[in-house]
Amino acid sequence: MEKLKKHFEQYDRFAKLCGIELLEVGSGKSKARMKIREQHLNGVGTVHGGAIFTLADFAFALAGNSSGKVAVAVNVSISFMKAVSNGFLTAQAWEVTKNPKLGTYTVEIKDDADDVVAIFQGLAYRKKEDFESLIAKGPIQ
């Protein structure tokens with residue numbers, strides 16, 4: 001898991017740009033957070049749905065790839081429950097079902113008050129390629 005963690009921390013450039021911090025990753029699960037900054041706000045002063053989606057997608061990617069196979073999103077959806085404007089958002093992802101080719105995941109995004117801000121559902125396709133071989137290739141240019 002440590003190699004997976006280091007790989008995503010170093011090479012997920014968009015997550016880094018958004019200020020997303022990886023808190024933990026384990027078998028079929030992960031946790032990440034994002035401090036809400038001015039650039040995350042939309043035109044009405046609340047966190048942009050795309051910023052929330054990005055946080056959820058990052059947690060989903062880590063949980064999905066923790067299987068040891070390269071996993072990519074096939075289908076995702078998100079439902080927004082509450083608007084938020086400051087503090088931190090925390091995304092917790094867990095595997096709901098797993099088989100050799102597909103995995104389904106739920107990600108809850110919560111605010112500092114532990115209220116659910118959004119719920120993300122994702123379906124991941126597991127490729128034949130091992131994650132270790134992806135890491136060995138180095139950064140994608």
# chains A, B, ... in the order shown; residues from 1 in each chain; ligands from 1

call {"tool": "closest_atom_pairs", "arguments": {"of": "segment 11-57 of chain A", "to": "segment 63-68 of chain A", "cutoff": "10 Å", "atoms": "only C-alpha atoms", "output": "Markdown table"}}
result
| residue | atom | partner | partner_atom | distance |
| --- | --- | --- | --- | --- |
| A:Glu24 | CA | A:Ala63 | CA | 9.9 |
| A:Val25 | CA | A:Ala63 | CA | 6.9 |
| A:Gly26 | CA | A:Ser66 | CA | 6.6 |
| A:Ser27 | CA | A:Ser66 | CA | 5.5 |
| A:Gly28 | CA | A:Ala63 | CA | 4.7 |
| A:Lys29 | CA | A:Ala63 | CA | 4.5 |
| A:Ser30 | CA | A:Ala63 | CA | 5.3 |
| A:Lys31 | CA | A:Ala63 | CA | 8.7 |
| A:Asp57 | CA | A:Ala63 | CA | 9.9 |

call {"tool": "residues_around", "arguments": {"residues": "Arg33 of chain A", "least_positions_apart": "4", "cutoff": "8 Å", "atoms": "only C-alpha atoms", "output": "ChimeraX atom specification"}}
result
/A:20-23,55,88-91

call {"tool": "write_last_selection", "arguments": {"atoms": "N, CA and C atoms", "output": "PDB file, in the first residue's frame"}}
result
ATOM      1  N   ILE A  20      -5.478  18.429  -2.391  1.00  0.00           N
ATOM      2  CA  ILE A  20      -6.003  17.222  -1.755  1.00  0.00           C
ATOM      3  C   ILE A  20      -4.874  16.470  -1.066  1.00  0.00           C
ATOM      4  N   GLU A  21      -5.141  16.068   0.161  1.00  0.00           N
ATOM      5  CA  GLU A  21      -4.175  15.352   0.984  1.00  0.00           C
ATOM      6  C   GLU A  21      -4.670  13.927   1.216  1.00  0.00           C
ATOM      7  N   LEU A  22      -3.821  12.965   0.947  1.00  0.00           N
ATOM      8  CA  LEU A  22      -4.145  11.564   1.196  1.00  0.00           C
ATOM      9  C   LEU A  22      -3.891  11.271   2.675  1.00  0.00           C
ATOM     10  N   LEU A  23      -4.920  10.805   3.361  1.00  0.00           N
ATOM     11  CA  LEU A  23      -4.789  10.500   4.785  1.00  0.00           C
ATOM     12  C   LEU A  23      -4.485   9.033   5.033  1.00  0.00           C
ATOM     13  N   LEU A  55     -12.349  15.523  -5.224  1.00  0.00           N
ATOM     14  CA  LEU A  55     -11.965  14.902  -3.956  1.00  0.00           C
ATOM     15  C   LEU A  55     -12.499  13.475  -3.881  1.00  0.00           C
ATOM     16  N   PHE A  88     -12.759  22.099   6.118  1.00  0.00           N
ATOM     17  CA  PHE A  88     -12.210  20.958   5.394  1.00  0.00           C
ATOM     18  C   PHE A  88     -13.339  20.064   4.898  1.00  0.00           C
ATOM     19  N   LEU A  89     -13.081  19.388   3.796  1.00  0.00           N
ATOM     20  CA  LEU A  89     -13.951  18.305   3.333  1.00  0.00           C
ATOM     21  C   LEU A  89     -13.129  17.024   3.417  1.00  0.00           C
ATOM     22  N   THR A  90     -13.747  15.957   3.902  1.00  0.00           N
ATOM     23  CA  THR A  90     -13.079  14.665   4.015  1.00  0.00           C
ATOM     24  C   THR A  90     -13.870  13.635   3.232  1.00  0.00           C
ATOM     25  N   ALA A  91     -13.168  12.880   2.395  1.00  0.00           N
ATOM     26  CA  ALA A  91     -13.786  11.826   1.589  1.00  0.00           C
ATOM     27  C   ALA A  91     -13.316  10.478   2.108  1.00  0.00           C
TER      28      ALA A  91
END

call {"tool": "closest_residue", "arguments": {"among": "A:Gly122, A:Gly19, A:Gly50, A:Ile36", "to": "Gly87 of chain A", "atoms": "only C-alpha atoms"}}
result
A:Ile36

call {"tool": "select_by_dssp", "arguments": {"residues": "chain A", "states": "strand (DSSP E)", "output": "ChimeraX atom specification"}}
result
/A:20-26,29-35,69-80,88-98,102-110,116-130

call {"tool": "select_by_dssp", "arguments": {"residues": "segment 46-134 of chain A", "states": "alpha helix (DSSP H)", "output": "ChimeraX atom specification"}}
result
/A:49-65,131-134

call {"tool": "closest_residue", "arguments": {"among": "A:Glu38, A:Gly43, A:Asn75, A:Val117", "to": "Gln92 of chain A", "atoms": "only C-alpha atoms"}}
result
A:Val117

call {"tool": "closest_residue", "arguments": {"among": "A:Phe60, A:Phe14, A:Phe80, A:Phe8", "to": "Gln121 of chain A", "atoms": "only C-alpha atoms"}}
result
A:Phe60

call {"tool": "atom_distance", "arguments": {"atom1": "atom CA of Ala32 of chain A", "atom2": "atom CA of Lys98 of chain A"}}
result
21.5 Å

call {"tool": "residues_around", "arguments": {"residues": "Met81 of chain A", "least_positions_apart": "3", "cutoff": "8 Å", "atoms": "only C-alpha atoms", "output": "list in words"}}
result
Val116, Val117, Ala118 and Ile119 of chain A

call {"tool": "closest_residue", "arguments": {"among": "A:Ala136, A:Val84, A:Met34, A:Val74", "to": "Tyr105 of chain A", "atoms": "only C-alpha atoms"}}
result
A:Val74

call {"tool": "atom_distance", "arguments": {"atom1": "atom CA of Lys82 of chain A", "atom2": "atom CA of Val47 of chain A"}}
result
10.0 Å

call {"tool": "closest_residue", "arguments": {"among": "A:Thr54, A:Glu132, A:Ser77, A:Gly103", "to": "Phe120 of chain A", "atoms": "only C-alpha atoms"}}
result
A:Ser77

call {"tool": "residues_around", "arguments": {"residues": "Ala51 of chain A", "least_positions_apart": "6", "cutoff": "9 Å", "atoms": "only C-alpha atoms", "output": "list of chain:residue names"}}
result
A:Cys18, A:His40, A:Leu41

call {"tool": "write_last_selection", "arguments": {"atoms": "C-alpha atoms", "output": "compact mmCIF listing (two decimals), in the first residue's frame"}}
result
# COMPACT_ATOMS: atom_id res chain seq x y z
CA CYS A 18 -6.51 21.09 -5.80
CA HIS A 40 -12.75 25.98 -4.69
CA LEU A 41 -15.75 28.32 -4.46

call {"tool": "closest_residue", "arguments": {"among": "A:Ser79, A:Glu108, A:Lys69, A:Leu17", "to": "Gly49 of chain A", "atoms": "only C-alpha atoms"}}
result
A:Ser79

call {"tool": "decode", "arguments": {"residues": "segment 4-130 of chain A", "atoms": "C-alpha atoms", "output": "short mmCIF file (atom, residue, chain, number, x, y, z; two decimals), in the first residue's frame"}}
result
data_model
loop_
_atom_site.label_atom_id
_atom_site.label_comp_id
_atom_site.auth_asym_id
_atom_site.auth_seq_id
_atom_site.Cartn_x
_atom_site.Cartn_y
_atom_site.Cartn_z
CA LEU A 4 0.41 3.03 -4.12
CA LYS A 5 0.20 5.92 -1.65
CA LYS A 6 3.51 7.42 -2.75
CA HIS A 7 2.61 7.02 -6.44
CA PHE A 8 -0.68 8.91 -6.13
CA GLU A 9 0.80 11.59 -3.87
CA GLN A 10 3.56 12.22 -6.40
CA TYR A 11 1.85 11.73 -9.76
CA ASP A 12 -1.80 12.69 -9.35
CA ARG A 13 -1.04 16.23 -10.42
CA PHE A 14 -4.64 17.45 -10.48
CA ALA A 15 -5.30 16.28 -6.92
CA LYS A 16 -2.11 18.05 -5.86
CA LEU A 17 -3.19 21.22 -7.67
CA CYS A 18 -6.51 21.09 -5.80
CA GLY A 19 -4.74 20.74 -2.46
CA ILE A 20 -6.00 17.22 -1.76
CA GLU A 21 -4.17 15.35 0.98
CA LEU A 22 -4.15 11.56 1.20
CA LEU A 23 -4.79 10.50 4.79
CA GLU A 24 -4.92 6.72 4.49
CA VAL A 25 -5.23 3.85 2.05
CA GLY A 26 -5.89 0.18 2.74
CA SER A 27 -7.40 -2.82 1.04
CA GLY A 28 -10.53 -1.52 -0.70
CA LYS A 29 -10.64 1.73 1.22
CA SER A 30 -9.12 5.19 1.44
CA LYS A 31 -9.50 8.57 3.09
CA ALA A 32 -8.51 11.99 1.74
CA ARG A 33 -9.24 15.59 2.62
CA MET A 34 -9.17 19.04 1.11
CA LYS A 35 -8.95 22.39 2.84
CA ILE A 36 -11.52 24.65 1.24
CA ARG A 37 -9.79 27.61 -0.38
CA GLU A 38 -11.08 30.55 -2.35
CA GLN A 39 -10.38 28.83 -5.67
CA HIS A 40 -12.75 25.98 -4.69
CA LEU A 41 -15.75 28.32 -4.46
CA ASN A 42 -18.34 28.77 -7.17
CA GLY A 43 -20.21 31.94 -8.18
CA VAL A 44 -22.57 31.78 -5.19
CA GLY A 45 -19.81 31.32 -2.61
CA THR A 46 -20.11 27.60 -1.90
CA VAL A 47 -17.72 24.79 -2.85
CA HIS A 48 -17.95 24.06 -6.56
CA GLY A 49 -19.41 20.65 -7.38
CA GLY A 50 -16.36 19.90 -9.50
CA ALA A 51 -14.07 20.38 -6.49
CA ILE A 52 -16.18 18.00 -4.41
CA PHE A 53 -16.26 15.51 -7.28
CA THR A 54 -12.47 15.70 -7.65
CA LEU A 55 -11.97 14.90 -3.96
CA ALA A 56 -14.38 11.96 -4.18
CA ASP A 57 -12.82 10.69 -7.41
CA PHE A 58 -9.34 10.75 -5.85
CA ALA A 59 -10.53 8.64 -2.89
CA PHE A 60 -12.33 6.29 -5.32
CA ALA A 61 -9.16 5.87 -7.41
CA LEU A 62 -7.08 4.93 -4.40
CA ALA A 63 -9.61 2.44 -3.05
CA GLY A 64 -10.02 0.90 -6.51
CA ASN A 65 -6.32 0.60 -7.23
CA SER A 66 -5.61 -0.92 -3.81
CA SER A 67 -6.55 -4.32 -5.28
CA GLY A 68 -3.15 -4.50 -6.96
CA LYS A 69 -4.56 -4.21 -10.49
CA VAL A 70 -4.82 -0.96 -12.42
CA ALA A 71 -8.43 0.15 -11.98
CA VAL A 72 -10.18 2.82 -14.05
CA ALA A 73 -13.61 4.37 -13.71
CA VAL A 74 -16.35 2.99 -15.93
CA ASN A 75 -19.28 4.83 -14.41
CA VAL A 76 -19.68 7.28 -11.54
CA SER A 77 -22.41 9.43 -10.06
CA ILE A 78 -22.58 11.97 -7.30
CA SER A 79 -25.43 13.42 -5.26
CA PHE A 80 -24.95 16.68 -3.39
CA MET A 81 -26.63 16.92 0.02
CA LYS A 82 -25.37 20.12 1.63
CA ALA A 83 -23.58 23.31 0.58
CA VAL A 84 -20.41 24.28 2.42
CA SER A 85 -18.13 27.32 2.17
CA ASN A 86 -15.20 26.85 4.56
CA GLY A 87 -13.19 24.40 6.62
CA PHE A 88 -12.21 20.96 5.39
CA LEU A 89 -13.95 18.30 3.33
CA THR A 90 -13.08 14.67 4.01
CA ALA A 91 -13.79 11.83 1.59
CA GLN A 92 -13.96 8.26 2.82
CA ALA A 93 -14.16 5.50 0.20
CA TRP A 94 -14.92 1.83 0.66
CA GLU A 95 -15.40 -1.17 -1.55
CA VAL A 96 -18.97 -2.44 -1.72
CA THR A 97 -18.48 -5.38 -4.11
CA LYS A 98 -15.45 -6.92 -5.76
CA ASN A 99 -14.83 -9.45 -8.48
CA PRO A 100 -11.81 -9.98 -10.76
CA LYS A 101 -12.99 -7.44 -13.37
CA LEU A 102 -15.27 -4.96 -11.56
CA GLY A 103 -15.47 -3.23 -8.22
CA THR A 104 -18.16 -0.95 -6.86
CA TYR A 105 -17.35 1.78 -4.37
CA THR A 106 -19.13 4.32 -2.22
CA VAL A 107 -17.49 7.57 -1.19
CA GLU A 108 -18.96 9.84 1.48
CA ILE A 109 -17.78 13.44 1.57
CA LYS A 110 -18.28 15.12 4.93
CA ASP A 111 -17.67 18.58 6.36
CA ASP A 112 -16.07 19.57 9.69
CA ALA A 113 -19.39 18.99 11.49
CA ASP A 114 -19.37 15.39 10.18
CA ASP A 115 -22.42 16.16 8.02
CA VAL A 116 -22.66 14.42 4.66
CA VAL A 117 -22.02 16.93 1.88
CA ALA A 118 -22.15 14.43 -1.00
CA ILE A 119 -22.37 10.74 -1.82
CA PHE A 120 -20.39 9.36 -4.76
CA GLN A 121 -20.93 5.93 -6.30
CA GLY A 122 -18.32 4.45 -8.62
CA LEU A 123 -17.83 1.39 -10.78
CA ALA A 124 -14.21 0.50 -11.54
CA TYR A 125 -12.89 -1.82 -14.24
CA ARG A 126 -9.80 -3.78 -13.25
CA LYS A 127 -7.33 -4.03 -16.12
CA LYS A 128 -4.95 -6.97 -16.61
CA GLU A 129 -1.98 -4.75 -15.75
CA ASP A 130 -0.63 -4.94 -12.20
#
